[in-house]
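Containing TSV, C-alpha atoms: model_0.tsv.
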chain	number	residue	atom	x	y	z
A	730	MET	CA	-27.10	-38.38	10.74
A	731	GLU	CA	-28.07	-40.78	7.99
A	732	ARG	CA	-31.67	-39.56	8.02
A	733	ARG	CA	-30.65	-35.93	7.99
A	734	TYR	CA	-28.49	-36.59	4.96
A	735	THR	CA	-31.40	-38.13	3.04
A	736	ALA	CA	-33.55	-35.10	3.84
A	737	PHE	CA	-30.83	-32.79	2.51
A	738	ALA	CA	-30.51	-34.83	-0.67
A	739	THR	CA	-34.26	-34.69	-1.29
A	740	VAL	CA	-34.44	-30.94	-0.82
A	741	ALA	CA	-31.33	-30.52	-2.96
A	742	SER	CA	-32.73	-32.55	-5.84
A	743	TYR	CA	-35.90	-30.45	-5.83
A	744	GLY	CA	-33.87	-27.28	-5.61
A	745	HIS	CA	-31.67	-28.23	-8.51
A	746	ALA	CA	-34.23	-29.85	-10.79
A	747	CYS	CA	-33.99	-26.87	-13.12
A	748	TYR	CA	-30.23	-27.36	-13.56
A	749	GLY	CA	-30.82	-30.87	-14.86
A	750	ARG	CA	-32.78	-29.63	-17.82
A	751	HIS	CA	-29.81	-27.66	-19.09
A	752	MET	CA	-27.50	-30.65	-18.91
A	753	SER	CA	-27.43	-33.38	-21.48
A	754	THR	CA	-27.94	-36.13	-18.90
A	755	TRP	CA	-29.75	-36.02	-15.60
A	756	ILE	CA	-27.49	-36.71	-12.64
A	757	PRO	CA	-29.20	-37.65	-9.39
A	758	ASP	CA	-27.99	-35.24	-6.71
A	759	ALA	CA	-27.05	-37.72	-4.03
A	760	THR	CA	-24.50	-39.27	-6.37
A	761	ALA	CA	-23.50	-36.10	-8.27
A	762	PRO	CA	-19.70	-35.95	-8.58
A	763	ARG	CA	-17.61	-33.41	-6.73
A	764	SER	CA	-17.05	-31.37	-9.91
A	765	THR	CA	-20.81	-30.81	-10.28
A	766	TRP	CA	-21.02	-29.32	-6.80
A	767	PHE	CA	-18.00	-27.15	-7.52
A	768	LEU	CA	-19.69	-25.82	-10.67
A	769	ARG	CA	-22.92	-25.16	-8.77
A	770	GLY	CA	-20.85	-23.08	-6.35
A	771	VAL	CA	-19.40	-21.20	-9.34
A	772	ARG	CA	-22.91	-20.61	-10.60
A	773	ALA	CA	-24.08	-19.26	-7.22
A	774	ALA	CA	-21.52	-16.46	-7.58
A	775	PHE	CA	-23.51	-15.06	-10.51
A	776	SER	CA	-26.54	-14.04	-8.48
A	777	LEU	CA	-27.93	-10.67	-7.39
A	778	PRO	CA	-25.61	-10.34	-4.35
A	779	GLY	CA	-22.73	-11.31	-6.64
A	780	LEU	CA	-23.65	-8.58	-9.14
A	781	ILE	CA	-23.96	-5.96	-6.39
A	782	LEU	CA	-20.51	-6.99	-5.19
A	783	ILE	CA	-19.10	-6.51	-8.70
A	784	SER	CA	-20.58	-3.00	-8.81
A	785	SER	CA	-18.96	-2.14	-5.49
A	786	PHE	CA	-15.61	-3.49	-6.69
A	787	ILE	CA	-15.98	-1.13	-9.65
A	788	GLY	CA	-16.37	1.60	-7.04
A	789	PHE	CA	-13.34	0.32	-5.12
A	790	ALA	CA	-11.18	0.32	-8.24
A	791	ALA	CA	-12.18	3.93	-8.95
A	792	LEU	CA	-11.31	4.80	-5.34
A	793	ALA	CA	-7.93	3.02	-5.40
A	794	LYS	CA	-6.97	4.61	-8.72
A	795	ASP	CA	-7.87	7.99	-7.31
A	796	ALA	CA	-5.60	7.35	-4.30
A	797	GLY	CA	-2.63	6.67	-6.58
A	798	VAL	CA	-2.57	2.87	-6.18
A	799	THR	CA	-1.57	1.03	-9.39
A	800	ALA	CA	-3.74	-1.62	-11.11
A	801	THR	CA	-1.39	-4.45	-10.09
A	802	HIS	CA	-1.33	-3.36	-6.47
A	803	ALA	CA	-5.12	-2.95	-6.39
A	804	ALA	CA	-5.59	-6.45	-7.86
A	805	PHE	CA	-3.09	-7.77	-5.29
A	806	MET	CA	-5.13	-6.07	-2.57
A	807	ALA	CA	-8.35	-7.67	-3.83
A	808	ALA	CA	-6.74	-11.13	-3.80
A	809	THR	CA	-4.96	-10.94	-0.44
A	810	VAL	CA	-7.30	-8.78	1.67
A	811	TRP	CA	-10.64	-9.78	0.09
A	812	ALA	CA	-12.93	-7.81	2.35
A	813	LEU	CA	-14.19	-4.55	0.90
A	814	PRO	CA	-14.52	-2.59	4.19
A	815	SER	CA	-10.92	-3.45	5.07
A	816	MET	CA	-9.73	-2.63	1.56
A	817	VAL	CA	-11.46	0.74	1.69
A	818	VAL	CA	-9.95	1.43	5.13
A	819	LEU	CA	-6.54	0.43	3.76
A	820	VAL	CA	-6.90	2.82	0.81
A	821	GLY	CA	-8.13	5.50	3.23
A	822	ALA	CA	-4.99	5.01	5.35
A	823	ILE	CA	-2.82	5.19	2.22
A	824	THR	CA	-4.52	8.44	1.17
A	825	SER	CA	-4.05	10.07	4.56
A	826	GLY	CA	-0.35	9.11	4.54
A	827	ALA	CA	-0.62	6.84	7.59
A	828	ALA	CA	2.49	4.91	8.68
A	829	LEU	CA	2.45	1.12	8.33
A	830	PRO	CA	1.63	0.37	12.02
A	831	ALA	CA	-1.27	2.87	12.06
A	832	ALA	CA	-2.65	1.47	8.78
A	833	MET	CA	-2.35	-2.07	10.12
A	834	PHE	CA	-4.13	-1.14	13.34
A	835	ALA	CA	-7.03	0.51	11.50
A	836	VAL	CA	-7.44	-2.44	9.10
A	837	THR	CA	-7.19	-4.92	11.99
A	838	LEU	CA	-10.00	-3.10	13.77
A	839	SER	CA	-12.14	-3.02	10.62
A	840	ALA	CA	-11.65	-6.76	10.02
A	841	ILE	CA	-12.66	-8.00	13.48
A	842	ARG	CA	-16.16	-8.55	12.16
A	843	LEU	CA	-14.80	-11.42	10.04
A	844	MET	CA	-14.12	-13.55	13.12
A	845	PRO	CA	-17.73	-14.04	14.28
A	846	MET	CA	-18.75	-14.54	10.64
A	847	VAL	CA	-16.23	-17.37	10.21
A	848	MET	CA	-17.22	-18.78	13.58
A	849	ALA	CA	-20.82	-19.00	12.39
A	850	LEU	CA	-19.92	-20.49	9.02
A	851	VAL	CA	-17.49	-23.22	10.12
A	852	PRO	CA	-20.08	-25.46	11.82
A	853	GLU	CA	-22.27	-25.18	8.69
A	854	MET	CA	-19.43	-26.19	6.42
A	855	ARG	CA	-17.75	-28.94	8.41
A	856	ALA	CA	-18.61	-32.58	7.70
A	857	GLY	CA	-17.24	-35.52	9.69
A	858	LYS	CA	-13.99	-35.93	7.79
A	859	THR	CA	-13.32	-32.34	6.70
A	860	ARG	CA	-9.64	-31.57	7.18
A	861	GLN	CA	-8.67	-28.57	9.26
A	862	TRP	CA	-6.37	-27.02	6.62
A	863	VAL	CA	-9.23	-26.98	4.11
A	864	LEU	CA	-11.25	-24.82	6.52
A	865	TYR	CA	-8.31	-22.44	7.08
A	866	LEU	CA	-7.85	-22.13	3.33
A	867	LEU	CA	-11.55	-21.51	2.62
A	868	ALA	CA	-11.82	-19.00	5.48
A	869	HIS	CA	-9.90	-16.54	3.30
A	870	PHE	CA	-12.94	-16.37	0.99
A	871	VAL	CA	-15.17	-15.18	3.84
A	872	ALA	CA	-16.48	-11.65	3.30
A	873	VAL	CA	-20.01	-10.29	3.47
A	874	THR	CA	-21.30	-11.49	0.08
A	875	SER	CA	-19.96	-15.05	0.04
A	876	TRP	CA	-20.96	-15.42	3.68
A	877	VAL	CA	-24.56	-14.34	3.09
A	878	LEU	CA	-24.86	-16.66	0.08
A	879	ALA	CA	-23.26	-19.58	1.92
A	880	MET	CA	-25.36	-19.22	5.08
A	881	GLU	CA	-28.45	-19.25	2.90
A	882	ARG	CA	-27.53	-22.13	0.58
A	883	LEU	CA	-25.18	-24.55	2.40
A	884	LYS	CA	-28.14	-26.09	4.21
A	885	ARG	CA	-29.31	-27.58	0.92
A	886	ILE	CA	-25.92	-29.05	-0.05
A	887	PRO	CA	-24.92	-32.59	1.05
A	888	PRO	CA	-22.54	-32.10	4.04
A	889	ASP	CA	-19.48	-33.69	2.47
A	890	MET	CA	-19.84	-31.50	-0.64
A	891	ARG	CA	-20.13	-28.18	1.19
A	892	THR	CA	-16.45	-27.27	1.22
A	893	THR	CA	-16.31	-28.02	-2.52
A	894	TYR	CA	-19.37	-25.87	-3.17
A	895	TYR	CA	-17.95	-23.00	-1.11
A	896	ALA	CA	-14.58	-23.27	-2.89
A	897	GLY	CA	-16.41	-22.83	-6.20
A	898	LEU	CA	-18.45	-19.90	-4.88
A	899	GLY	CA	-15.64	-18.05	-3.07
A	900	GLY	CA	-12.99	-18.73	-5.72
A	901	THR	CA	-15.23	-17.42	-8.49
A	902	LEU	CA	-16.11	-14.26	-6.58
A	903	VAL	CA	-12.41	-13.49	-5.95
A	904	MET	CA	-11.30	-14.23	-9.53
A	905	THR	CA	-14.18	-12.28	-11.10
A	906	ASN	CA	-13.53	-9.20	-9.01
A	907	ILE	CA	-9.78	-9.24	-9.65
A	908	ILE	CA	-10.68	-9.07	-13.36
A	909	VAL	CA	-13.23	-6.32	-12.66
A	910	VAL	CA	-10.65	-4.20	-10.78
A	911	THR	CA	-8.11	-4.58	-13.58
A	912	ALA	CA	-10.70	-3.74	-16.24
A	913	VAL	CA	-11.84	-0.58	-14.44
A	914	PHE	CA	-8.23	0.68	-14.23
A	915	ALA	CA	-7.93	0.15	-17.98
A	916	VAL	CA	-11.01	2.18	-18.92
A	917	ALA	CA	-11.26	4.68	-16.02
A	918	ASP	CA	-9.43	7.51	-17.78
A	919	ALA	CA	-11.79	7.39	-20.76
A	920	LEU	CA	-14.93	7.82	-18.64
A	921	PRO	CA	-16.89	11.12	-18.51
A	922	SER	CA	-16.58	12.83	-15.11
A	923	ALA	CA	-20.27	12.30	-14.20
A	924	ILE	CA	-19.79	8.52	-14.60
A	925	SER	CA	-16.58	8.62	-12.54
A	926	ALA	CA	-18.44	10.51	-9.81
A	927	ALA	CA	-21.23	7.92	-9.89
A	928	LEU	CA	-18.69	5.07	-9.61
A	929	LEU	CA	-17.09	6.70	-6.57
A	930	MET	CA	-20.55	6.92	-4.99
A	931	LEU	CA	-21.07	3.13	-5.29
A	932	THR	CA	-18.83	2.19	-2.36
A	933	PRO	CA	-20.45	4.39	0.30
A	934	MET	CA	-23.94	3.37	-0.85
A	935	TYR	CA	-23.05	-0.33	-0.85
A	936	PHE	CA	-21.77	-0.09	2.73
A	937	LEU	CA	-24.53	2.20	3.92
A	938	THR	CA	-27.12	-0.43	2.95
A	939	SER	CA	-25.22	-3.68	3.62
A	940	LEU	CA	-23.92	-2.52	7.00
A	941	TRP	CA	-27.40	-1.55	8.17
A	942	GLY	CA	-28.81	-4.88	6.95
A	943	SER	CA	-26.12	-7.02	8.57
A	944	ALA	CA	-26.33	-5.46	12.06
A	945	ARG	CA	-27.25	-8.20	14.53
A	946	GLU	CA	-28.44	-5.95	17.32
A	947	ARG	CA	-29.83	-2.44	17.61
A	948	ALA	CA	-26.48	-1.28	19.00
A	949	GLY	CA	-25.06	-1.91	15.54
A	950	HIS	CA	-27.37	0.74	14.09
A	951	VAL	CA	-26.42	3.18	16.86
A	952	ALA	CA	-22.72	2.50	16.15
A	953	MET	CA	-23.31	3.12	12.47
A	954	VAL	CA	-24.99	6.51	12.95
A	955	LEU	CA	-22.27	7.60	15.41
A	956	GLY	CA	-19.52	6.49	13.03
A	957	LEU	CA	-21.08	8.35	10.09
A	958	VAL	CA	-20.94	11.60	12.08
A	959	LEU	CA	-17.69	11.04	14.01
A	960	GLY	CA	-15.72	10.03	10.89
A	961	PRO	CA	-15.89	13.43	9.18
A	962	VAL	CA	-15.56	15.27	12.55
A	963	PHE	CA	-12.30	13.50	13.46
A	964	HIS	CA	-11.13	13.82	9.88
A	965	ILE	CA	-10.89	17.55	10.63
A	966	VAL	CA	-9.72	17.30	14.25
A	967	LEU	CA	-7.31	14.32	14.09
A	968	PRO	CA	-6.72	13.62	10.39
A	969	GLU	CA	-4.16	10.79	10.62
A	970	ILE	CA	-5.99	8.62	13.15
A	971	ASP	CA	-9.56	9.72	12.38
A	972	LEU	CA	-10.90	6.24	11.59
A	973	LEU	CA	-9.43	4.63	14.69
A	974	VAL	CA	-10.71	7.31	17.06
A	975	ALA	CA	-14.17	7.33	15.46
A	976	GLY	CA	-14.32	3.52	15.70
A	977	LEU	CA	-13.18	3.38	19.32
A	978	ILE	CA	-15.39	6.22	20.58
A	979	GLY	CA	-18.44	5.42	18.44
A	980	GLY	CA	-18.19	1.69	19.18
A	981	THR	CA	-17.75	2.16	22.93
A	982	ALA	CA	-20.65	4.62	23.09
A	983	ALA	CA	-22.93	2.23	21.17
A	984	TYR	CA	-21.88	-0.60	23.48
A	985	GLY	CA	-22.68	1.61	26.50
A	986	TRP	CA	-26.11	2.27	24.97
A	987	HIS	CA	-26.54	-1.51	24.52
A	988	LEU	CA	-25.78	-2.17	28.22
A	989	TRP	CA	-28.03	0.71	29.33
A	990	ARG	CA	-30.92	-0.58	27.22
A	991	ARG	CA	-30.58	-4.06	28.69
A	992	LYS	CA	-30.59	-2.64	32.20
A	993	VAL	CA	-33.76	-0.60	31.47
A	994	ARG	CA	-35.47	-3.64	29.97
A	995	GLU	CA	-34.58	-5.85	32.93
A	996	ALA	CA	-35.72	-3.26	35.47
B	131	MET	CA	6.78	4.27	6.68
B	132	SER	CA	3.77	5.39	4.62
B	133	TYR	CA	2.65	3.67	1.41
B	134	PHE	CA	4.33	6.17	-0.92
B	135	SER	CA	7.42	6.85	1.24
B	136	ASN	CA	9.58	4.09	-0.27
B	137	GLY	CA	10.31	3.77	-4.00
B	138	ALA	CA	11.32	0.09	-3.91
B	139	TRP	CA	9.09	-2.17	-6.07
B	140	TRP	CA	8.39	-4.55	-3.20
B	141	TRP	CA	7.35	-1.92	-0.65
B	142	PRO	CA	3.67	-1.58	-1.73
B	143	TYR	CA	3.36	-5.39	-1.69
B	144	LEU	CA	4.87	-5.60	1.79
B	145	PHE	CA	2.61	-2.76	2.95
B	146	ILE	CA	-0.49	-4.55	1.60
B	147	LEU	CA	0.61	-7.93	3.01
B	148	VAL	CA	1.24	-6.56	6.52
B	149	ALA	CA	-1.45	-3.87	6.83
B	150	GLY	CA	-4.01	-5.69	4.65
B	151	PHE	CA	-3.58	-9.45	4.37
B	152	ALA	CA	-2.23	-10.17	7.88
B	153	ALA	CA	-4.61	-7.70	9.49
B	154	THR	CA	-7.69	-9.39	7.98
B	155	ASP	CA	-6.75	-13.08	7.80
B	156	VAL	CA	-5.71	-13.18	11.45
B	157	TRP	CA	-9.42	-12.81	12.29
B	158	ARG	CA	-10.50	-15.39	9.72
B	159	PHE	CA	-8.01	-17.93	11.09
B	160	LEU	CA	-8.99	-17.12	14.65
B	161	GLY	CA	-12.62	-17.66	13.63
B	162	VAL	CA	-11.83	-21.19	12.38
B	163	TYR	CA	-9.75	-21.92	15.49
B	164	LEU	CA	-12.37	-20.74	17.94
B	165	GLY	CA	-15.06	-22.52	15.91
B	166	ASP	CA	-17.91	-23.02	18.28
B	167	LYS	CA	-15.94	-22.42	21.48
B	168	LEU	CA	-17.13	-18.84	21.93
B	169	SER	CA	-20.78	-17.84	22.07
B	170	GLU	CA	-21.86	-15.42	19.35
B	171	ASP	CA	-23.89	-13.42	21.88
B	172	SER	CA	-21.06	-12.88	24.34
B	173	ASP	CA	-20.72	-9.26	25.47
B	174	LEU	CA	-17.15	-9.02	24.24
B	175	LEU	CA	-18.28	-9.81	20.70
B	176	VAL	CA	-21.01	-7.16	20.91
B	177	LEU	CA	-18.38	-4.53	21.77
B	178	VAL	CA	-16.11	-5.83	19.02
B	179	ARG	CA	-18.92	-5.61	16.49
B	180	THR	CA	-20.03	-2.09	17.47
B	181	MET	CA	-16.41	-0.82	17.22
B	182	ALA	CA	-15.94	-2.42	13.81
B	183	THR	CA	-19.28	-1.05	12.61
B	184	ALA	CA	-18.50	2.49	13.83
B	185	LEU	CA	-15.11	2.36	12.10
B	186	VAL	CA	-16.53	1.28	8.75
B	187	ALA	CA	-19.32	3.85	9.13
B	188	ALA	CA	-16.62	6.49	9.70
B	189	VAL	CA	-15.11	5.47	6.37
B	190	ILE	CA	-18.51	5.86	4.69
B	191	GLY	CA	-18.99	9.30	6.27
B	192	ASN	CA	-15.58	10.42	5.01
B	193	LEU	CA	-16.23	9.07	1.52
B	194	ILE	CA	-19.41	11.16	1.32
B	195	VAL	CA	-18.21	14.33	3.08
B	196	PHE	CA	-14.56	14.36	1.86
B	197	PRO	CA	-14.54	12.37	-1.41
B	198	GLY	CA	-11.73	12.25	-3.96
B	199	GLY	CA	-11.57	12.35	-7.74
B	200	ALA	CA	-14.56	13.34	-9.82
B	201	LEU	CA	-16.90	13.08	-6.82
B	202	ALA	CA	-15.01	15.95	-5.16
B	203	HIS	CA	-16.32	18.32	-7.84
B	204	THR	CA	-19.93	17.73	-6.77
B	205	SER	CA	-21.54	19.77	-3.99
B	206	LEU	CA	-21.68	18.43	-0.43
B	207	GLY	CA	-25.45	19.04	-0.29
B	208	LEU	CA	-26.06	16.93	-3.40
B	209	ARG	CA	-23.97	14.02	-2.10
B	210	ILE	CA	-25.64	14.00	1.31
B	211	ALA	CA	-29.12	14.35	-0.22
B	212	ALA	CA	-28.50	11.52	-2.73
B	213	ALA	CA	-27.10	9.21	-0.04
B	214	ALA	CA	-29.83	10.03	2.49
B	215	LEU	CA	-32.70	9.61	0.03
B	216	GLY	CA	-31.11	6.43	-1.34
B	217	PHE	CA	-30.99	5.11	2.21
B	218	VAL	CA	-34.64	6.03	2.79
B	219	ALA	CA	-35.55	4.21	-0.47
B	220	TYR	CA	-33.60	1.18	0.80
B	221	LEU	CA	-35.61	1.15	4.06
B	222	ALA	CA	-38.94	1.85	2.33
B	223	SER	CA	-38.42	-1.00	-0.16
B	224	GLY	CA	-38.03	-3.52	2.64
B	225	ARG	CA	-34.22	-3.28	2.79
B	226	ARG	CA	-33.49	-4.01	-0.85
B	227	MET	CA	-29.94	-2.87	-1.50
B	228	VAL	CA	-30.41	-2.51	-5.24
B	229	VAL	CA	-33.20	0.01	-4.73
B	230	GLY	CA	-31.11	2.11	-2.34
B	231	ILE	CA	-28.00	2.10	-4.52
B	232	VAL	CA	-29.85	2.81	-7.79
B	233	THR	CA	-31.89	5.64	-6.20
B	234	ALA	CA	-28.79	7.38	-4.85
B	235	GLU	CA	-26.94	7.01	-8.16
B	236	LEU	CA	-29.86	8.36	-10.22
B	237	LEU	CA	-30.28	11.33	-7.85
B	238	LEU	CA	-26.56	12.10	-8.05
B	239	LEU	CA	-26.57	11.96	-11.85
B	240	ALA	CA	-29.79	14.00	-12.06
B	241	GLY	CA	-28.25	16.58	-9.71
B	242	LEU	CA	-25.09	16.78	-11.80
B	243	TYR	CA	-27.16	17.12	-14.98
B	244	LEU	CA	-29.19	19.97	-13.42
B	245	LYS	CA	-25.90	21.48	-12.11
B	246	PHE	CA	-26.78	21.50	-8.42

Can I see the file as structure tokens?
Amino acid sequence: MERRYTAFATVASYGHACYGRHMSTWIPDATAPRSTWFLRGVRAAFSLPGLILISSFIGFAALAKDAGVTATHAAFMAATVWALPSMVVLVGAITSGAALPAAMFAVTLSAIRLMPMVMALVPEMRAGKTRQWVLYLLAHFVAVTSWVLAMERLKRIPPDMRTTYYAGLGGTLVMTNIIVVTAVFAVADALPSAISAALLMLTPMYFLTSLWGSARERAGHVAMVLGLVLGPVFHIVLPEIDLLVAGLIGGTAAYGWHLWRRKVREA
Amino acid sequence: MSYFSNGAWWWPYLFILVAGFAATDVWRFLGVYLGDKLSEDSDLLVLVRTMATALVAAVIGNLIVFPGGALAHTSLGLRIAAAALGFVAYLASGRRMVVGIVTAELLLLAGLYLKF
């Protein structure tokens, strides 16, 4: 363990050499205080994935406003739900006039993907003396963007500073996007209709690309194509439970394809 | 029982807390609890992931085919073409999301400008 830690510290000090130049005094990484690691987490939020996330929250705000949700409620949604696919499903359920249990069921189904993501992140984040409640608290920040950034960067952070770093990263992403949502509500009415149309196009494009990229197995791509087609079909046939039915049928069919492929490969 | 069915100030908050917050954080908490107890490759998780993916994809499909607001005034052909070509650009650029998103947006705006 001791040797591994030294290796991390060495890599980290190389990785962060450029930060030192901007500070008045050079702080060796192994002894850098907790606040420094928190601020580095904050800084990691302002990266390309972070900017793409902001653009898709602009799209979400346009979508929520269009559905009749107020700015306060949309900001509340961003803070408490904090997972764009689930927020978009929630707004979709609100638009279609779904009852609370149906909305909850659809969002629950859309959020299942968070569980394996958290399961993969926890071992990366945990150091020997990390308290359990800290992990439960930080788990709320887990969504595609912060997860991708964390899985890529936590390896280079000293183990006992990882929760601090992730708190800085996740907290900044949430706060920034709450501000973004509120700001979009304030200016949305003044925008020309072509710009509003372009903003509403951001969300589907963000998911179209990020969902394809995050699929772990080929079955995920099959599920995606099926869902794209089944969604609009069931929107006509079974408008109030369209998402649920498309998810259950498309997902089961893709899983069947997955099993069939494995059988063929083994044979 | 729908979002707009009750005029009380607290109803939207309750709706979001139950259908949004509880419905998502239950999985996050379960993820911490299960930690490394469950294998990521287990068949149950594959099924869970394909269902979740199909559901979110259904949302995407609906957002493109049956959009709201200003996007509803554009033609279906333009939206599908912009999204499809944006997706092709994303694949061709080695899965760079920015390329896919920017391509689709530019095509949509160009289409609107040319009144497709």

Using all atoms listed in the file, pick whichever of A:Lys884, A:Phe914, A:Ser825, A:Val951 has the shortest atom-to-atom distance to Leu967 (chain A).
->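 Closest to Leu967 (chain A) of all the choices is A:Ser825.
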
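Candidate residues B:Ala214, B:Arg158, B:Tyr133, B:Met227 were compared for distance to Ile146 (chain B), and the nearest is B:Tyr133, using all atoms listed in the file.
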
Can you list every residue of chain B that has an atom at most 6 Å from chain A, with its nearest atom pair and the distance in Å to one decimal, using all atoms listed in the file, ordered by chain then number, as a tab-separated table?
residue	atom	partner	partner_atom	distance
B:Met131	CA	A:Ala828	CA	4.8
B:Ser132	CA	A:Ala828	CA	4.3
B:Tyr133	CA	A:Ile823	CA	5.7
B:Ala149	CA	A:Met833	CA	3.9
B:Gly150	CA	A:Val810	CA	5.4
B:Phe151	CA	A:Val810	CA	4.6
B:Ala153	CA	A:Thr837	CA	4.5
B:Thr154	CA	A:Ala840	CA	5.2
B:Trp157	CA	A:Met844	CA	4.8
B:Arg158	CA	A:Met844	CA	5.3
B:Gly161	CA	A:Met844	CA	4.4
B:Gly165	CA	A:Met848	CA	4.9
B:Leu177	CA	A:Tyr984	CA	5.5
B:Arg179	CA	A:Arg842	CA	5.9
B:Thr180	CA	A:Gly980	CA	4.5
B:Met181	CA	A:Gly980	CA	3.6
B:Ala182	CA	A:Ser839	CA	5.0
B:Thr183	CA	A:Met953	CA	5.8
B:Ala184	CA	A:Gly956	CA	4.2
B:Leu185	CA	A:Gly976	CA	3.9
B:Ala187	CA	A:Gly956	CA	4.7
B:Ala188	CA	A:Gly960	CA	3.8
B:Ile190	CA	A:Pro933	CA	5.0
B:Gly191	CA	A:Leu957	CA	4.5
B:Asn192	CA	A:Pro961	CA	5.2
B:Gly199	CA	A:Asp795	CA	5.7
B:Ala200	CA	A:Ala926	CA	4.8
B:Leu201	CA	A:Ala926	CA	4.2
B:Met227	CA	A:Thr938	CA	5.8
B:Ile231	CA	A:Met934	CA	5.6

Rounded to one decimal in Å, what is the spacing between CA of Thr892 (chain A) and CA of Val162 (chain B)?
->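 CA of Thr892 (chain A) sits 13.5 Å away from CA of Val162 (chain B).
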
Around all the atoms of region 899-906 of chain A listed in the file, draw an axis-aligned box and extend it by 5 Å on each of the six sides; I want its centre and edge lengths in Å to one decimal, as lines of an AutoDock Vina configuration file.
center_x = -13.7
center_y = -14.0
center_z = -7.1
size_x = 14.8
size_y = 19.5
size_z = 18.0

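The smallest atom-to-atom distance between Ser205 (chain B) and any of B:Val148, B:Leu174, B:Leu242, B:Val186, using all atoms listed in the file, is found for B:Leu242.
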